[in-house]
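The file model-v2.pdb comes next; it holds PDB, C-alpha atoms (C1' of nucleotides).
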```
ATOM      1  CA  MET B  23      57.232 -53.063 -29.670
ATOM      2  CA  SER B  24      55.681 -56.257 -28.475
ATOM      3  CA  ALA B  25      55.017 -57.808 -31.900
ATOM      4  CA  VAL B  26      53.353 -60.922 -30.618
ATOM      5  CA  ASN B  27      52.547 -63.390 -33.326
ATOM      6  CA  LEU B  28      48.802 -63.440 -33.592
ATOM      7  CA  THR B  29      46.835 -66.290 -35.047
ATOM      8  CA  LYS B  30      44.416 -65.802 -37.894
ATOM      9  CA  ASN B  31      41.369 -65.550 -35.654
ATOM     10  CA  GLN B  32      43.076 -63.221 -33.235
ATOM     11  CA  THR B  33      44.103 -60.967 -36.090
ATOM     12  CA  LEU B  34      40.588 -60.877 -37.496
ATOM     13  CA  VAL B  35      39.065 -59.965 -34.136
ATOM     14  CA  LEU B  36      41.693 -57.319 -33.415
ATOM     15  CA  ASP B  37      41.166 -55.789 -36.860
ATOM     16  CA  VAL B  38      37.439 -55.524 -36.347
ATOM     17  CA  LEU B  39      37.953 -53.838 -32.995
ATOM     18  CA  THR B  40      40.618 -51.506 -34.312
ATOM     19  CA  LYS B  41      38.421 -50.337 -37.155
ATOM     20  CA  SER B  42      35.423 -49.753 -34.928
ATOM     21  CA  GLU B  43      34.635 -46.309 -33.549
ATOM     22  CA  ALA B  44      32.880 -47.716 -30.529
ATOM     23  CA  PRO B  45      33.250 -50.789 -28.310
ATOM     24  CA  LEU B  46      31.800 -54.015 -29.654
ATOM     25  CA  SER B  47      30.171 -56.930 -27.923
ATOM     26  CA  ALA B  48      31.448 -60.427 -28.603
ATOM     27  CA  TYR B  49      28.307 -61.239 -30.564
ATOM     28  CA  THR B  50      28.627 -58.127 -32.686
ATOM     29  CA  ILE B  51      32.177 -59.146 -33.511
ATOM     30  CA  LEU B  52      30.892 -62.601 -34.372
ATOM     31  CA  ASP B  53      28.376 -61.137 -36.802
ATOM     32  CA  LYS B  54      31.037 -59.010 -38.443
ATOM     33  CA  LEU B  55      33.209 -62.063 -38.970
ATOM     34  CA  ARG B  56      30.619 -64.475 -40.363
ATOM     35  CA  ASP B  57      31.953 -63.819 -43.828
ATOM     36  CA  HIS B  58      35.397 -64.826 -42.657
ATOM     37  CA  GLY B  59      34.196 -68.189 -41.462
ATOM     38  CA  PHE B  60      33.263 -67.447 -37.877
ATOM     39  CA  ARG B  61      30.313 -69.566 -36.811
ATOM     40  CA  ALA B  62      30.266 -69.695 -32.995
ATOM     41  CA  PRO B  63      30.723 -67.326 -30.033
ATOM     42  CA  LEU B  64      33.565 -69.393 -28.705
ATOM     43  CA  GLN B  65      35.744 -68.461 -31.647
ATOM     44  CA  VAL B  66      35.389 -64.831 -30.640
ATOM     45  CA  TYR B  67      35.782 -65.405 -26.916
ATOM     46  CA  ARG B  68      38.909 -67.444 -27.432
ATOM     47  CA  ALA B  69      40.515 -64.766 -29.562
ATOM     48  CA  LEU B  70      39.479 -62.062 -27.101
ATOM     49  CA  GLU B  71      40.935 -64.001 -24.205
ATOM     50  CA  LYS B  72      44.343 -64.002 -25.833
ATOM     51  CA  LEU B  73      44.133 -60.399 -26.984
ATOM     52  CA  LEU B  74      43.248 -59.316 -23.452
ATOM     53  CA  GLU B  75      46.186 -61.329 -22.183
ATOM     54  CA  PHE B  76      48.508 -59.592 -24.657
ATOM     55  CA  GLY B  77      47.139 -56.201 -23.618
ATOM     56  CA  LEU B  78      45.955 -55.444 -27.139
ATOM     57  CA  VAL B  79      42.319 -55.270 -26.136
ATOM     58  CA  HIS B  80      40.422 -54.031 -23.089
ATOM     59  CA  ARG B  81      37.156 -55.241 -21.724
ATOM     60  CA  LEU B  82      34.617 -52.635 -20.654
ATOM     61  CA  GLU B  83      32.823 -54.230 -17.749
ATOM     62  CA  SER B  84      29.967 -51.792 -17.646
ATOM     63  CA  LEU B  85      29.138 -52.482 -21.292
ATOM     64  CA  ASN B  86      30.040 -56.147 -21.660
ATOM     65  CA  SER B  87      32.043 -54.990 -24.630
ATOM     66  CA  PHE B  88      35.570 -54.793 -25.931
ATOM     67  CA  VAL B  89      37.835 -52.113 -27.406
ATOM     68  CA  ALA B  90      41.242 -52.172 -29.008
ATOM     69  CA  CYS B  91      43.867 -50.638 -26.761
ATOM     70  CA  ALA B  92      44.382 -47.017 -27.732
ATOM     71  CA  HIS B  93      47.912 -46.769 -26.360
ATOM     72  CA  ARG B  94      49.755 -49.670 -27.823
ATOM     73  CA  GLU B  95      52.748 -47.430 -28.457
ATOM     74  CA  HIS B  96      53.049 -46.047 -24.892
ATOM     75  CA  SER B  97      55.075 -48.198 -22.568
ATOM     76  CA  CYS B  98      53.395 -46.185 -19.825
ATOM     77  CA  CYS B  99      50.310 -48.322 -20.026
ATOM     78  CA  SER B 100      51.919 -51.687 -19.812
ATOM     79  CA  HIS B 101      52.154 -51.109 -16.091
ATOM     80  CA  GLY B 102      49.455 -49.289 -14.209
ATOM     81  CA  THR B 103      45.743 -49.103 -14.557
ATOM     82  CA  VAL B 104      43.883 -47.701 -17.487
ATOM     83  CA  ALA B 105      40.691 -45.692 -17.120
ATOM     84  CA  PHE B 106      37.900 -45.170 -19.612
ATOM     85  CA  ALA B 107      35.465 -42.354 -20.243
ATOM     86  CA  ILE B 108      32.497 -43.765 -22.118
ATOM     87  CA  CYS B 109      30.021 -41.499 -23.866
ATOM     88  CA  GLU B 110      26.505 -42.856 -23.457
ATOM     89  CA  SER B 111      25.302 -40.853 -26.414
ATOM     90  CA  CYS B 112      27.799 -41.485 -29.216
ATOM     91  CA  GLY B 113      29.485 -44.540 -27.733
ATOM     92  CA  GLN B 114      32.950 -43.102 -28.069
ATOM     93  CA  VAL B 115      35.518 -44.244 -25.524
ATOM     94  CA  SER B 116      38.557 -42.337 -24.283
ATOM     95  CA  GLU B 117      41.262 -44.366 -22.696
ATOM     96  CA  PHE B 118      43.585 -42.650 -20.275
ATOM     97  CA  HIS B 119      46.073 -43.235 -17.550
ATOM     98  CA  ASP B 120      46.388 -41.284 -14.325
ATOM     99  CA  HIS B 121      49.301 -41.890 -12.021
ATOM    100  CA  VAL B 122      47.740 -40.047  -9.114
ATOM    101  CA  VAL B 123      44.655 -42.233  -9.210
ATOM    102  CA  ASP B 124      46.817 -45.261  -9.625
ATOM    103  CA  ASP B 125      49.054 -44.357  -6.701
ATOM    104  CA  GLN B 126      46.117 -43.504  -4.529
ATOM    105  CA  LEU B 127      44.375 -46.807  -5.136
ATOM    106  CA  ASN B 128      47.627 -48.650  -4.583
ATOM    107  CA  ALA B 129      48.064 -46.800  -1.303
ATOM    108  CA  TRP B 130      44.637 -47.926  -0.207
ATOM    109  CA  THR B 131      45.206 -51.563  -1.105
ATOM    110  CA  ARG B 132      48.654 -51.600   0.510
ATOM    111  CA  GLY B 133      47.142 -50.157   3.662
ATOM    112  CA  LYS B 134      44.569 -52.931   3.755
ATOM    113  CA  GLY B 135      46.903 -55.748   2.803
ATOM    114  CA  PHE B 136      44.842 -56.282  -0.325
ATOM    115  CA  LYS B 137      46.739 -57.667  -3.349
ATOM    116  CA  PRO B 138      45.168 -56.216  -6.488
ATOM    117  CA  SER B 139      45.183 -58.214  -9.688
ATOM    118  CA  LYS B 140      43.015 -56.139 -11.964
ATOM    119  CA  THR B 141      41.443 -52.721 -11.569
ATOM    120  CA  THR B 142      38.496 -51.382 -13.507
ATOM    121  CA  ILE B 143      37.821 -47.651 -13.832
ATOM    122  CA  GLU B 144      34.972 -46.633 -16.098
ATOM    123  CA  ILE B 145      33.325 -43.231 -16.234
ATOM    124  CA  ARG B 146      29.968 -43.186 -17.970
ATOM    125  CA  GLY B 147      28.605 -39.872 -19.154
ATOM    126  CA  LEU B 148      28.477 -37.503 -22.090
ATOM    127  CA  CYS B 149      31.506 -36.504 -24.098
ATOM    128  CA  ALA B 150      32.273 -32.887 -24.966
ATOM    129  CA  ALA B 151      30.714 -33.204 -28.404
ATOM    130  CA  CYS B 152      27.486 -34.698 -27.047
ATOM    131  CA  ASN B 153      26.839 -32.459 -24.032
ATOM    132  CA  SER B 154      27.381 -29.085 -25.646
TER     133      SER B 154
ATOM    134  CA  MET E  24      18.628 -40.979   7.426
ATOM    135  CA  SER E  25      16.824 -41.074   4.151
ATOM    136  CA  ALA E  26      14.120 -43.528   5.281
ATOM    137  CA  VAL E  27      12.563 -44.042   1.913
ATOM    138  CA  ASN E  28       9.412 -46.106   2.038
ATOM    139  CA  LEU E  29      10.293 -49.382   0.432
ATOM    140  CA  THR E  30       7.768 -51.720  -1.068
ATOM    141  CA  LYS E  31       7.473 -55.314   0.027
ATOM    142  CA  ASN E  32       9.605 -56.650  -2.816
ATOM    143  CA  GLN E  33      12.242 -53.976  -2.395
ATOM    144  CA  THR E  34      12.457 -54.760   1.308
ATOM    145  CA  LEU E  35      12.824 -58.465   0.661
ATOM    146  CA  VAL E  36      15.616 -57.945  -1.857
ATOM    147  CA  LEU E  37      17.437 -55.456   0.351
ATOM    148  CA  ASP E  38      17.202 -57.822   3.317
ATOM    149  CA  VAL E  39      18.695 -60.669   1.349
ATOM    150  CA  LEU E  40      21.577 -58.471   0.207
ATOM    151  CA  THR E  41      22.151 -57.040   3.667
ATOM    152  CA  LYS E  42      22.380 -60.481   5.219
ATOM    153  CA  SER E  43      24.746 -61.793   2.574
ATOM    154  CA  GLU E  44      28.500 -61.832   3.141
ATOM    155  CA  ALA E  45      29.255 -61.594  -0.563
ATOM    156  CA  PRO E  46      27.642 -59.953  -3.591
ATOM    157  CA  LEU E  47      24.704 -61.787  -5.111
ATOM    158  CA  SER E  48      23.541 -62.107  -8.680
ATOM    159  CA  ALA E  49      19.953 -61.284  -9.523
ATOM    160  CA  TYR E  50      19.198 -64.959 -10.097
ATOM    161  CA  THR E  51      20.694 -65.967  -6.776
ATOM    162  CA  ILE E  52      18.486 -63.403  -5.095
ATOM    163  CA  LEU E  53      15.551 -64.823  -6.995
ATOM    164  CA  ASP E  54      16.288 -68.313  -5.699
ATOM    165  CA  LYS E  55      16.561 -67.059  -2.144
ATOM    166  CA  LEU E  56      13.168 -65.412  -2.415
ATOM    167  CA  ARG E  57      11.188 -68.262  -4.013
ATOM    168  CA  ASP E  58       9.697 -69.038  -0.642
ATOM    169  CA  HIS E  59       8.479 -65.480  -0.385
ATOM    170  CA  GLY E  60       6.569 -65.703  -3.621
ATOM    171  CA  PHE E  61       9.184 -64.589  -6.128
ATOM    172  CA  ARG E  62       8.770 -66.408  -9.420
ATOM    173  CA  ALA E  63      10.469 -64.358 -12.131
ATOM    174  CA  PRO E  64      13.728 -62.422 -12.654
ATOM    175  CA  LEU E  65      11.849 -59.257 -13.382
ATOM    176  CA  GLN E  66      10.625 -59.061  -9.822
ATOM    177  CA  VAL E  67      14.232 -58.930  -8.676
ATOM    178  CA  TYR E  68      15.430 -56.554 -11.372
ATOM    179  CA  ARG E  69      12.613 -54.141 -10.677
ATOM    180  CA  ALA E  70      13.380 -54.056  -6.970
ATOM    181  CA  LEU E  71      17.102 -53.670  -7.663
ATOM    182  CA  GLU E  72      16.468 -50.803 -10.034
ATOM    183  CA  LYS E  73      14.766 -48.822  -7.299
ATOM    184  CA  LEU E  74      17.261 -49.769  -4.620
ATOM    185  CA  LEU E  75      20.099 -48.615  -6.878
ATOM    186  CA  GLU E  76      18.234 -45.400  -7.472
ATOM    187  CA  PHE E  77      17.851 -44.867  -3.718
ATOM    188  CA  GLY E  78      21.554 -45.581  -3.213
ATOM    189  CA  LEU E  79      20.823 -48.517  -0.938
ATOM    190  CA  VAL E  80      22.447 -51.015  -3.234
ATOM    191  CA  HIS E  81      25.460 -51.002  -5.558
ATOM    192  CA  ARG E  82      25.985 -52.941  -8.707
ATOM    193  CA  LEU E  83      29.377 -54.578  -9.220
ATOM    194  CA  GLU E  84      29.941 -54.410 -12.942
ATOM    195  CA  SER E  85      32.812 -56.821 -13.016
ATOM    196  CA  LEU E  86      30.727 -59.498 -11.298
ATOM    197  CA  ASN E  87      27.253 -58.781 -12.632
ATOM    198  CA  SER E  88      26.234 -58.795  -9.003
ATOM    199  CA  PHE E  89      24.799 -56.585  -6.319
ATOM    200  CA  VAL E  90      25.720 -55.582  -2.764
ATOM    201  CA  ALA E  91      23.957 -53.605  -0.082
ATOM    202  CA  CYS E  92      25.580 -50.244   0.461
ATOM    203  CA  ALA E  93      27.982 -50.476   3.373
ATOM    204  CA  HIS E  94      27.891 -46.792   4.248
ATOM    205  CA  ARG E  95      24.264 -45.930   4.532
ATOM    206  CA  GLU E  96      24.972 -43.861   7.626
ATOM    207  CA  HIS E  97      27.769 -41.706   6.108
ATOM    208  CA  SER E  98      26.512 -38.666   4.289
ATOM    209  CA  CYS E  99      29.958 -38.624   2.678
ATOM    210  CA  CYS E 100      28.934 -41.252   0.188
ATOM    211  CA  SER E 101      25.786 -39.691  -1.063
ATOM    212  CA  HIS E 102      27.966 -37.496  -3.220
ATOM    213  CA  GLY E 103      31.133 -38.788  -4.776
ATOM    214  CA  THR E 104      32.161 -42.079  -6.203
ATOM    215  CA  VAL E 105      32.447 -45.277  -4.293
ATOM    216  CA  ALA E 106      35.177 -47.798  -4.979
ATOM    217  CA  PHE E 107      35.185 -51.518  -4.289
ATOM    218  CA  ALA E 108      37.900 -54.005  -3.471
ATOM    219  CA  ILE E 109      36.663 -57.460  -4.351
ATOM    220  CA  CYS E 110      38.394 -60.569  -3.087
ATOM    221  CA  GLU E 111      38.430 -63.246  -5.766
ATOM    222  CA  SER E 112      39.019 -65.936  -3.189
ATOM    223  CA  CYS E 113      36.463 -65.357  -0.443
ATOM    224  CA  GLY E 114      34.165 -63.015  -2.330
ATOM    225  CA  GLN E 115      34.243 -60.363   0.327
ATOM    226  CA  VAL E 116      33.802 -56.784  -0.837
ATOM    227  CA  SER E 117      35.159 -53.630   0.789
ATOM    228  CA  GLU E 118      33.463 -50.425  -0.140
ATOM    229  CA  PHE E 119      35.425 -47.219   0.240
ATOM    230  CA  HIS E 120      35.546 -43.641  -0.781
ATOM    231  CA  ASP E 121      38.615 -41.678  -1.785
ATOM    232  CA  HIS E 122      38.397 -37.968  -2.309
ATOM    233  CA  VAL E 123      41.745 -37.735  -4.053
ATOM    234  CA  VAL E 124      40.747 -40.284  -6.656
ATOM    235  CA  ASP E 125      37.405 -38.623  -6.999
ATOM    236  CA  ASP E 126      38.930 -35.171  -7.456
ATOM    237  CA  GLN E 127      41.491 -36.468  -9.876
ATOM    238  CA  LEU E 128      38.928 -38.144 -12.096
ATOM    239  CA  ASN E 129      36.753 -35.057 -11.932
ATOM    240  CA  ALA E 130      39.719 -32.947 -12.968
ATOM    241  CA  TRP E 131      40.242 -35.177 -15.987
ATOM    242  CA  THR E 132      36.615 -35.055 -17.065
ATOM    243  CA  ARG E 133      36.414 -31.295 -16.568
ATOM    244  CA  GLY E 134      39.505 -30.867 -18.682
ATOM    245  CA  LYS E 135      37.939 -32.875 -21.474
ATOM    246  CA  GLY E 136      34.492 -31.335 -21.244
ATOM    247  CA  PHE E 137      33.137 -34.761 -20.349
ATOM    248  CA  LYS E 138      30.030 -34.791 -18.108
ATOM    249  CA  PRO E 139      30.179 -37.874 -15.910
ATOM    250  CA  SER E 140      26.987 -39.542 -14.785
ATOM    251  CA  LYS E 141      28.264 -42.684 -13.120
ATOM    252  CA  THR E 142      31.739 -43.897 -12.279
ATOM    253  CA  THR E 143      32.745 -47.468 -11.597
ATOM    254  CA  ILE E 144      35.907 -48.336  -9.663
ATOM    255  CA  GLU E 145      36.465 -51.985  -8.886
ATOM    256  CA  ILE E 146      39.688 -53.569  -7.718
ATOM    257  CA  ARG E 147      39.802 -57.331  -8.080
ATOM    258  CA  GLY E 148      42.382 -59.230  -6.112
ATOM    259  CA  LEU E 149      42.996 -61.027  -2.839
ATOM    260  CA  CYS E 150      42.054 -59.625   0.539
ATOM    261  CA  ALA E 151      44.460 -59.592   3.467
ATOM    262  CA  ALA E 152      42.984 -62.753   4.943
ATOM    263  CA  CYS E 153      43.255 -64.660   1.670
ATOM    264  CA  ASN E 154      46.749 -63.637   0.530
ATOM    265  CA  SER E 155      48.620 -64.221   3.768
TER     266      SER E 155
ATOM    267  C1'  DC F   2     -15.715 -40.857 -10.307
ATOM    268  C1'  DA F   3     -12.445 -40.797 -14.330
ATOM    269  C1'  DA F   4      -7.703 -40.536 -15.232
ATOM    270  C1'  DT F   5      -3.118 -41.360 -14.068
ATOM    271  C1'  DT F   6       0.529 -43.470 -11.801
ATOM    272  C1'  DC F   7       2.858 -47.180  -9.900
ATOM    273  C1'  DA F   8       3.942 -51.734  -7.947
ATOM    274  C1'  DT F   9       3.118 -56.167  -9.263
ATOM    275  C1'  DG F  10       2.678 -60.706 -11.941
ATOM    276  C1'  DT F  11       3.576 -63.965 -15.905
ATOM    277  C1'  DA F  12       5.570 -65.399 -20.131
ATOM    278  C1'  DA F  13       8.631 -65.146 -23.645
ATOM    279  C1'  DT F  14      12.787 -63.787 -25.558
ATOM    280  C1'  DA F  15      17.224 -61.531 -26.102
ATOM    281  C1'  DA F  16      22.016 -60.925 -24.913
ATOM    282  C1'  DC F  17      26.185 -62.574 -22.930
ATOM    283  C1'  DA F  18      29.325 -66.450 -21.699
ATOM    284  C1'  DT F  19      30.974 -71.208 -20.809
ATOM    285  C1'  DT F  20      31.421 -76.339 -20.876
ATOM    286  C1'  DA F  21      32.179 -80.523 -23.286
ATOM    287  C1'  DC F  22      33.982 -82.976 -26.885
ATOM    288  C1'  DG F  23      36.688 -83.769 -30.998
ATOM    289  C1'  DT F  24      40.301 -82.767 -34.733
ATOM    290  C1'  DG F  25      44.505 -81.477 -36.882
ATOM    291  C1'  DA F  26      48.999 -78.981 -36.719
ATOM    292  C1'  DT F  27      53.247 -78.152 -34.362
ATOM    293  C1'  DG F  28      56.977 -78.905 -31.304
ATOM    294  C1'  DT F  29      59.959 -81.858 -28.443
ATOM    295  C1'  DA F  30      62.231 -85.755 -26.116
ATOM    296  C1'  DT F  31      63.409 -90.298 -26.662
TER     297       DT F  31
ATOM    298  C1'  DA V  16      60.986 -91.359 -36.704
ATOM    299  C1'  DT V  17      57.670 -92.246 -33.097
ATOM    300  C1'  DA V  18      55.429 -91.206 -28.948
ATOM    301  C1'  DC V  19      53.913 -87.474 -26.331
ATOM    302  C1'  DA V  20      52.369 -82.949 -25.116
ATOM    303  C1'  DT V  21      50.606 -78.577 -26.443
ATOM    304  C1'  DC V  22      47.869 -75.500 -28.843
ATOM    305  C1'  DA V  23      44.670 -73.325 -32.127
ATOM    306  C1'  DC V  24      40.549 -74.415 -33.985
ATOM    307  C1'  DG V  25      35.654 -76.199 -34.870
ATOM    308  C1'  DT V  26      30.834 -77.490 -33.421
ATOM    309  C1'  DA V  27      27.096 -78.216 -30.347
ATOM    310  C1'  DA V  28      24.830 -77.675 -26.335
ATOM    311  C1'  DT V  29      23.964 -75.363 -22.315
ATOM    312  C1'  DG V  30      24.269 -71.960 -18.642
ATOM    313  C1'  DT V  31      23.802 -67.212 -16.972
ATOM    314  C1'  DT V  32      22.274 -62.479 -17.104
ATOM    315  C1'  DA V  33      18.855 -59.051 -18.580
ATOM    316  C1'  DT V  34      14.898 -57.182 -21.126
ATOM    317  C1'  DT V  35      10.436 -56.723 -23.670
ATOM    318  C1'  DA V  36       5.572 -57.302 -23.947
ATOM    319  C1'  DC V  37       1.336 -57.590 -21.957
ATOM    320  C1'  DA V  38      -2.050 -57.670 -18.132
ATOM    321  C1'  DT V  39      -3.974 -56.527 -13.397
ATOM    322  C1'  DG V  40      -5.008 -54.262  -9.095
ATOM    323  C1'  DA V  41      -4.124 -50.569  -5.629
ATOM    324  C1'  DA V  42      -3.277 -45.783  -4.509
ATOM    325  C1'  DT V  43      -3.398 -40.866  -5.936
ATOM    326  C1'  DT V  44      -5.186 -36.975  -7.943
ATOM    327  C1'  DG V  45      -8.086 -33.691 -10.400
TER     328       DG V  45
END
```

If you convert what's in this file into structure tokens, what do you get?
Amino acid sequence: MSAVNLTKNQTLVLDVLTKSEAPLSAYTILDKLRDHGFRAPLQVYRALEKLLEFGLVHRLESLNSFVACAHREHSCCSHGTVAFAICESCGQVSEFHDHVVDDQLNAWTRGKGFKPSKTTIEIRGLCAACNS
Amino acid sequence: MSAVNLTKNQTLVLDVLTKSEAPLSAYTILDKLRDHGFRAPLQVYRALEKLLEFGLVHRLESLNSFVACAHREHSCCSHGTVAFAICESCGQVSEFHDHVVDDQLNAWTRGKGFKPSKTTIEIRGLCAACNS
DNA sequence: CAATTCATGTAATAACATTACGTGATGTAT
DNA sequence: ATACATCACGTAATGTTATTACATGAATTG
């Protein structure tokens, strides 16, 4: 689809996130990339900034962490808000999209004259595997 | 309603948040309470922890900041998830509750066997006053 | 009264994020 | 081709947010 040309650092950071089961903090990413020449947090933050911009990565506000986008193939997610269910036991994150929620929040903002720029929806809890 | 007995520190922190127009970070609260004997971040974080527990204060994950609950009188908000619209220009925060969104997210989690503990919904953007 | 709980205080440290400054590579208009 | 702008990158320092560790006194309870 998009096929943005990523720089070396951006590629390294995206690869680390893609291979990870769970979200990673910027400093964890840094540690994982020391062998590839990363020395300072800024190298990670700069790559993340671009990846977020490209929609290849999401930031989880309630964890101060980052995940690779799970739906790169779906055009559905390029517009609309993405929600996350975050398991506090195993760390696994499910990314999903819900048009009803989206529409409902948009209805609220329209009603108030509020112009949304970015919406965060994060559900913390226990996943099916961990609460059984 | 609830009328929990707050300690001195909890009262001080809640008062500061209640009087503030915009959300405050823990360190800003600390600065505002220096005159009242506050010396260390932990004093603030401990008070906030309890106030969050009592439902008197909310944490805004996308800002690493805290606001007094706007709906202390409504029993409606003791159950269910609260959403926030945060103006990135003036800092003003609107707290609201939407049963449809709530139900929809609950439907998703039930379907997945996910047991939610806490849900964050934060809409960043420009309020009516700031985008006109 | 001993034991427990809990709010508090202080210090140190950990975790997360940004600012400031400089360099080299690439692209573009003159 | 040179001057100029832009951009990715590197390094260092600093700023901001949050927690851990340890100690004390007051209130509660058995």

Query raised in the report: Using the chain letters and numbers from the file, which residues does the PyMOL selection byres ((chain B) within 10 of (chain E)) grab, as number ranges by chain?
Result: B: 81-86, 105-110, 116, 118, 120-128, 130-154

**Report entry** Residue IDs satisfying the PyMOL selection byres ((chain V) within 9 of (chain E)), as a list in words
**Finding:**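 For this structure, the PyMOL selection byres ((chain V) within 9 of (chain E)) resolves to DT31, DT32, DA33 and DT34 of chain V.
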
Report task. Could you check how far atom C1' of DG40 of chain V sits from atom C1' of DT6 of chain F, in Å to one decimal? Result ->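 Interatomic distance here is 12.4 Å.
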
Query - Evaluate the PyMOL selection byres ((chain B and resi 34) around 12) and report residues as a PyMOL selection string - result: chain B and resi 28-33+35-41+51-52+54-60+65-66+69-70+73

Per residue of chain F within 12 Å of chain B, note the shortest atom pair and the distance in Å to one decimal, counting all atoms listed in the file, and order the rows by chain and increasing residue number, as a tab-separated table.
```
residue	atom	partner	partner_atom	distance
F:DA15	C1'	B:Tyr49	CA	12.0
F:DA16	C1'	B:Tyr49	CA	8.5
F:DC17	C1'	B:Asn86	CA	7.6
F:DA18	C1'	B:Tyr67	CA	8.4
F:DT19	C1'	B:Leu64	CA	8.5
F:DT20	C1'	B:Leu64	CA	10.7
```

**Report entry** Separation of atom CA of Val26 of chain B from atom CA of Leu74 of chain B in Å
**Finding:**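 So the answer is 12.5 Å.
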
Report task. Tell me, as a list in words, which residues lie within 9 Å of DG25 of chain V, counting only C-alpha atoms (C1' of nucleotides); anything in the same chain fewer than 2 positions away does not count. Result ->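 Listing them by chain and then by number gives Arg61, Ala62 and Gln65 of chain B; DG23 and DT24 of chain F.
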
Query raised in the report: Quick one: distance from atom CA of Val104 of chain B to atom CA of His119 of chain B in Å, one decimal?
Result: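 It comes out at 5.0 Å.
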
Might you pull out every residue within 6 Å of Cys91 of chain B, with all atoms listed in the file counted and same-chain residues fewer than 2 positions away left off, and present them as a PDB file with C-alpha atoms, in the frame of the given file?
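The resulting file, part-v7.pdb, is shown below:
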```
ATOM      1  CA  LEU B  78      45.955 -55.444 -27.139  1.00  0.00           C
ATOM      2  CA  VAL B  79      42.319 -55.270 -26.136  1.00  0.00           C
ATOM      3  CA  HIS B  93      47.912 -46.769 -26.360  1.00  0.00           C
TER       4      HIS B  93
END
```
